[in-house]
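Q: Before anything else, here's the structure in question.
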Amino acid sequence: MTDLVEQDVAAVTPSPASSTPPKSRLRGEAFARRLRARHAAERRFRLAGAAAVALAALILVLLLGSIVAKGASAFLEARIRLEVTLDPAEVADRNYNGLLRRALYAHFPQVTDRAGRRVLNDLLSSGAPYELEAMVAKDPALVGTTQTVWVRADDQIDQLVKGGYRRDLPESERGLSDAKVAAADALLASGALAQGFNTTLFTAGDSREPEQAGIGGAIVGSLLTLLVTMALSVPVGISAAVYLEEFAPKNRWTDLIEVNINNLAAVPSIIFGLLGLAVFLGFFGMPRSAPLVGGLVMALMTLPVIIIASRVALKAVPPSIREAALGIGASPLQTVLHHVLPLAMPGILTGTIIGMARALGETAPLLMIGMVAFIVDIPHGLTDSATVLPVQIYMWADSPERAFTERTSAAILILLGVLILLNGAAVILRKIFERRW
Amino acid sequence: MSIPSGIRSSIPSQLKLRPRGDRQPNRASGAALPAKMTARGVKVFYGAKQALKGIDLDIQENRVLALIGPSGCGKSTFLRCLNRMNDTVEGCRVEGRIALDGEDVYGKAVDAVQLRARVGMVFQKPNPFPKSIYDNVSYGPRIHGLASGRDELDEVVQTSLKRAGLWAEVKDRLREPGTSLSGGQQQRLCIARAIAVSPEVILMDEPCSALDPIATAHIEELIDELRANYTIVIVTHNMQQAARVSQRTAFFHLGEMVECDDTEEIFTNPRDERTQGYITGRYG
């Protein structure tokens with residue numbers, strides 16, 4: 001800063017040979033004008049900077065606002081209250097559907113014809129019988145009693161309750177029959193149709209029926225994939241960075257390696273997916289759609305990021321610390337492990353978490369290894385078929401049902417939440433590591 | 001800093017042609033003392049650039065040897081050869097023979113890690129580890145296994161800090177980070193850290209150049225006290241300092257050791273024109 005000012009002054013100050021002494025030039029009107037112009041330029045620059053920040057903030061708020069506005073309702077789901085008599089004979093027959101329907105018809109004693117009852121049947125989610133079955137399986141003593149249960153409503157009813165359908169449109173344009181609207185309204189009026197917190201969204205796997213679909217499977221898939229990625233790329237990446245930075249001789253080979261690592265960091269992620277397809281699936285015959293393979297591919301993708309960030313962090317450790325340790329006879333390894341690495345740790349952690357966050361949000365390479373698949377079951381191991389959060393979002397975004405639209409936004413919110421958690425963890429870890437010194 | 005060509009050409013030609021034998025490092029009183037370390041024909045190259053052009057020097061036991069000379073003359077390079085710190089510099093090559101108690105330090109039998117424990121070093125800028133004062137001093141003894149048990153380690157830390165003249169100031173705050181001390185205290189902490197492993201020789205690379213005069217006086221007193229137990233080599237830009245703390249002084253110039261003699265002799269009766277020029281402030 002001072003250098004700049006000095007140069008500036010030198011530019012307007014004439015050479016000592018000039019008749020005017022330099023002192024007066026620093027006080028004159030011309031100089032004052034220049035000074036004013038310089039201050040004005042600074043004000044303009046600051047204003048432009050503030051405007052840029054404000055614009056970025058505005059866009060972020062708009063983006064988040066629209067997602068929250070669309071997705072918030074997905075955290076609630078419509079449920080219907082039914083008085084179900086668990087007739088032992090029907091339970092033995094596993095005719096839970098029939099039990100539920102009978103309880104539902106009790107709300108509408110006036111409806112007796114088949115067409116009217118079909119409309120009523122459609123109010124319930126096709127997954128409702130399984131809810132009842134699970135309840136009975138958990139507590140067999142319920143058989144023979146009459147229970148009040150809240151079961152999931154169909155996604156169209158769910159959307160109707162949330163205001164997803166315009167009631168003023170004619171029936172043919174609404175996509176929801178007047179009969180269903182009337183039945184739902186009757187249930188709403190009697191308090192038998194209400195909204196509750198949507199646990200399905202968090203616990204269930206994917207489904208064709210929006211009201212039964214959740215991101216539980218995708219979250220577990222993401223966790224398993226990240227676990228593999230982390231277990232591989234963190235130790236390998238940090239070791240590679242330490243070796244290259246602290247031990248490797250500087251010659252043509254290490255230069256070549258460095259250039260290649262930098263290039264790898266810039267390779268499009270889909271290429272890593274193709275590599276995974278050819279090598280892990282094609283050559284090694286690993287299972288398709290498995291978190292293991294996804295994790296391996298992500299690890300390859302994250303490695304250069306971690307290596308580069310770790311090398312930068314190691315480079316930033318002052319050489320005087322290395323000299324101090326070596327000077328009292330610490331071996332090079334002790335120097336690195338006791339002094340250099342702990343000091344570089346905050347930077348390494350930041351790089352690692354940025355790499356992990358990138359892996360968490362990545363979809364392209366997983367397209368290639370079959371993780372873009374409709375998978376209903378929640379994976380239980382590294383070789384089970386699985387999908388991951390961003391891929392789930394991608395697939396839901398393609399679905400035409402209104403209920404999937406809000407679930408897409410909700411899944412985006414959850415993904416953002418996980419990313420914020422990750423970054424928060426990074427900040428906390430940094431604080432912990434820095435406090436040690 | 002390079003020497004202006006005018007000065008270089010002013011050096012009488014007969015001086016350049018003076019026979020080597022006349023520049024024997026040991027003379028008069030110095031010859032009586034045993035040499036702790038000896039350097040013979042030490043040449044150092046940084047890549048293609050030669051930094052030292054054949055140094056012969058004896059470092060006497062329990063004496064302070066000061067290395068003086070203009071910047072870039074190779075005195076720090078020479079110092080860093082004595083404990084092989086130059087090994088860590090990329091592209092650095094050392095020729096010639098440096099011996100510690102008659103044993104070649106660049107020989108196969110000597111391990112650089114062990115050598116650096118025997119030949120400790122204090123650097124120009126205080127560089128305490130960003131750990132507690134206690135950990136700073138105890139680190140060396142711990143990695144070398146010099147103390148068994150907590151009590152013994154406490155003992156070593158206390159002795160070292162006392163010897164470095166820092167104990168009274170820090171005895172109540174051993175758990176505080178070493179970096180929280182003042183510059184002068186940090187440098188004494190670094191000296192305590194160096195002597196905690198009981199080295200035989202201590203190398204000091206301009207240890208006072210980053211300190212104020214009071215802290216400098218502290219360190220100088222300390223160096224004088226340490227002389228009783230250690231052999232000390234100190235690089236300094238400050239000629240008064242060299243005169244105050246050292247018994248022997250070597251003058252380096254452009255990668256050569258111009259002369260080495262008793263300090264008094266160097267400052268009152270230098271034999272070489274260049275030495276005289278430097279100590280009288282003509283250049284450097």
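Chains: A, B, ... in order of the structure tokens. Residues: from 1 per chain. Ligands: from 1, in order shown.
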For segment 184-187 of chain B, list every protein, DNA or RNA residue within 10 Å, evaluated using only C-alpha atoms, and leave out those in the same chain fewer than 6 positions away; present the list as a VMD selection string.

A: chain B and resid 122 to 129 133 164 to 166 169 to 170 178 193 207 to 208 210 to 219

Q: Next, the residues of the selection above should be written as an mmCIF file, in the first residue's frame with C-alpha atoms.

A:
```
data_model
loop_
_atom_site.group_PDB
_atom_site.id
_atom_site.type_symbol
_atom_site.label_atom_id
_atom_site.label_comp_id
_atom_site.auth_asym_id
_atom_site.auth_seq_id
_atom_site.Cartn_x
_atom_site.Cartn_y
_atom_site.Cartn_z
ATOM 1 C CA VAL B 122 19.928 -21.542 17.710
ATOM 2 C CA PHE B 123 18.472 -19.660 14.787
ATOM 3 C CA GLN B 124 18.380 -16.059 13.707
ATOM 4 C CA LYS B 125 14.693 -15.594 14.356
ATOM 5 C CA PRO B 126 13.364 -17.042 17.608
ATOM 6 C CA ASN B 127 11.411 -20.107 16.525
ATOM 7 C CA PRO B 128 9.776 -21.718 19.545
ATOM 8 C CA PHE B 129 7.324 -24.486 18.754
ATOM 9 C CA ILE B 133 7.081 -23.529 27.318
ATOM 10 C CA ALA B 164 19.229 -20.104 29.817
ATOM 11 C CA GLY B 165 18.423 -17.504 32.466
ATOM 12 C CA LEU B 166 14.700 -17.815 31.860
ATOM 13 C CA GLU B 169 10.525 -15.330 34.443
ATOM 14 C CA VAL B 170 8.578 -18.403 33.363
ATOM 15 C CA GLY B 178 6.166 -20.415 24.086
ATOM 16 C CA ARG B 193 15.555 -25.998 24.187
ATOM 17 C CA PRO B 207 20.892 -15.037 17.571
ATOM 18 C CA CYS B 208 20.451 -11.372 18.485
ATOM 19 C CA ALA B 210 15.925 -9.772 15.825
ATOM 20 C CA LEU B 211 16.235 -8.538 19.412
ATOM 21 C CA ASP B 212 16.382 -5.182 21.155
ATOM 22 C CA PRO B 213 19.590 -4.062 22.943
ATOM 23 C CA ILE B 214 18.464 -5.191 26.413
ATOM 24 C CA ALA B 215 17.490 -8.651 25.229
ATOM 25 C CA THR B 216 20.752 -8.763 23.293
ATOM 26 C CA ALA B 217 22.739 -7.973 26.433
ATOM 27 C CA HIS B 218 20.895 -10.801 28.185
ATOM 28 C CA ILE B 219 21.823 -13.286 25.483
#
```

Q: Thr263 of chain B: which residues within 8 Å, counting only C-alpha atoms, same-chain residues fewer than 6 positions away excluded, as a list of chain:residue names?

A: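 Answer for this query is B:Ala242, B:Ala243, B:Ser246, B:Gln247, B:Arg248, B:Thr249.
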
Q: Those same residues - N, CA, C and O atoms - I'd like them written as an mmCIF file, in the first residue's frame.

A:
```cif
data_model
loop_
_atom_site.group_PDB
_atom_site.id
_atom_site.type_symbol
_atom_site.label_atom_id
_atom_site.label_comp_id
_atom_site.auth_asym_id
_atom_site.auth_seq_id
_atom_site.Cartn_x
_atom_site.Cartn_y
_atom_site.Cartn_z
ATOM 1 N N ALA B 242 30.807 -9.521 18.439
ATOM 2 C CA ALA B 242 31.868 -10.499 18.266
ATOM 3 C C ALA B 242 32.993 -10.207 19.248
ATOM 4 O O ALA B 242 33.534 -11.111 19.899
ATOM 5 N N ALA B 243 33.339 -8.947 19.375
ATOM 6 C CA ALA B 243 34.426 -8.565 20.271
ATOM 7 C C ALA B 243 34.065 -8.874 21.714
ATOM 8 O O ALA B 243 34.906 -9.285 22.505
ATOM 9 N N SER B 246 33.285 -13.320 22.040
ATOM 10 C CA SER B 246 34.097 -14.416 21.515
ATOM 11 C C SER B 246 35.544 -14.339 21.976
ATOM 12 O O SER B 246 36.044 -13.279 22.333
ATOM 13 N N GLN B 247 36.174 -15.512 21.965
ATOM 14 C CA GLN B 247 37.603 -15.565 22.218
ATOM 15 C C GLN B 247 38.375 -15.675 20.911
ATOM 16 O O GLN B 247 39.498 -15.239 20.802
ATOM 17 N N ARG B 248 37.719 -16.325 19.942
ATOM 18 C CA ARG B 248 38.340 -16.465 18.622
ATOM 19 C C ARG B 248 37.385 -15.858 17.596
ATOM 20 O O ARG B 248 36.172 -15.909 17.754
ATOM 21 N N THR B 249 37.936 -15.286 16.541
ATOM 22 C CA THR B 249 37.097 -14.726 15.500
ATOM 23 C C THR B 249 37.639 -15.152 14.143
ATOM 24 O O THR B 249 38.855 -15.172 13.932
#
```

Q: Find the nearest atom pair between each residue of chain A and chain B for residues within 8 Å, count only C-alpha atoms, give distances in Å to one decimal, sort rows by chain and ascending number, and present the table as CSV.

A:
```
residue,atom,partner,partner_atom,distance
A:Pro249,CA,B:Glu90,CA,7.9
A:Lys250,CA,B:Glu90,CA,7.6
A:Ser320,CA,B:Asn127,CA,6.0
A:Ile321,CA,B:Asn127,CA,6.4
A:Glu323,CA,B:Met85,CA,7.9
A:Ala324,CA,B:Asn127,CA,6.4
A:Leu326,CA,B:Arg116,CA,7.3
A:Gly327,CA,B:Met121,CA,5.5
A:Ile328,CA,B:Ala117,CA,5.3
A:Gly329,CA,B:Ala117,CA,4.6
A:Ala330,CA,B:Val113,CA,6.3
A:Ser331,CA,B:Val113,CA,5.8
A:His339,CA,B:Phe129,CA,7.5
A:Arg436,CA,B:Lys131,CA,7.8
A:Trp437,CA,B:Lys131,CA,5.4
```

Q: When you look at Leu120 of chain A with a cut-off of 10 Å (counting only C-alpha atoms), what residues show up, excluding the ones that are within fewer than 6 positions of it in the same chain? I need them as number ranges by chain.

A: A: 101, 104-105, 107-108, 111, 114, 179-180, 183-184

Q: Neighbours of Leu99 of chain A within 7 Å (only C-alpha atoms; same-chain residues fewer than 4 positions away dropped), as a list in words?

A: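 These residues fall inside the cut-off: Val84, Asn95 and Ala103 of chain A.
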
Q: Would you please give, as a list in words, all residues of segment 57-195 of chain B that DSSP assigns to strand (DSSP E) based on the backbone?

A: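 Secondary structure check on segment 57-195 of chain B, strand (DSSP E): Leu57, Asp58, Ile59, Gln60, Val64, Leu65, Ala66, Leu67, Ile68, Cys92, Arg93, Val94, Glu95, Gly96, Arg97, Ile98, Ala99, Leu100, Glu103, Asp104, Val119, Gly120, Met121 and Val122 of chain B.
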
Q: May I have the residues within 10 Å of Tyr243 of chain A as a list in words, using only C-alpha atoms and disregarding those fewer than 6 positions away in the same chain?

A: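 Skipping anything fewer than 6 positions along the chain leaves Gly237, Pro249, Arg311 and Val336 of chain A.
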
Q: Could you save those same residues with all heavy atoms as a compact mmCIF listing (two decimals), in the first residue's frame?

A:
```
# COMPACT_ATOMS: atom_id res chain seq x y z
N GLY A 237 -4.62 -39.35 0.50
CA GLY A 237 -4.36 -37.97 0.07
C GLY A 237 -3.36 -37.27 0.97
O GLY A 237 -2.41 -36.64 0.49
N PRO A 249 12.31 -35.94 -3.45
CA PRO A 249 13.28 -35.04 -4.08
C PRO A 249 12.58 -34.23 -5.16
O PRO A 249 11.58 -34.67 -5.73
CB PRO A 249 14.30 -36.01 -4.68
CG PRO A 249 13.54 -37.28 -4.88
CD PRO A 249 12.54 -37.34 -3.79
N ARG A 311 -1.11 -29.98 0.42
CA ARG A 311 0.21 -29.45 0.09
C ARG A 311 0.28 -27.96 0.35
O ARG A 311 1.28 -27.45 0.86
CB ARG A 311 0.54 -29.74 -1.38
CG ARG A 311 0.84 -31.19 -1.63
CD ARG A 311 1.39 -31.42 -3.01
NE ARG A 311 2.73 -30.88 -3.14
CZ ARG A 311 3.49 -31.04 -4.20
NH1 ARG A 311 3.04 -31.73 -5.22
NH2 ARG A 311 4.69 -30.54 -4.25
N VAL A 336 7.82 -33.96 10.90
CA VAL A 336 6.54 -33.83 10.21
C VAL A 336 5.38 -34.19 11.14
O VAL A 336 4.41 -33.43 11.26
CB VAL A 336 6.51 -34.73 8.96
CG1 VAL A 336 5.12 -34.82 8.39
CG2 VAL A 336 7.48 -34.20 7.92
```

Q: Mind checking DSSP for segment 4-208 of chain B and telling me the helix (DSSP H, G or I) residues as a ChimeraX atom specification?

A: /B:5-10,13-16,20-23,28-32,75-82,85-88,112-118,133-144,150-163,167-170,178-180,183-195
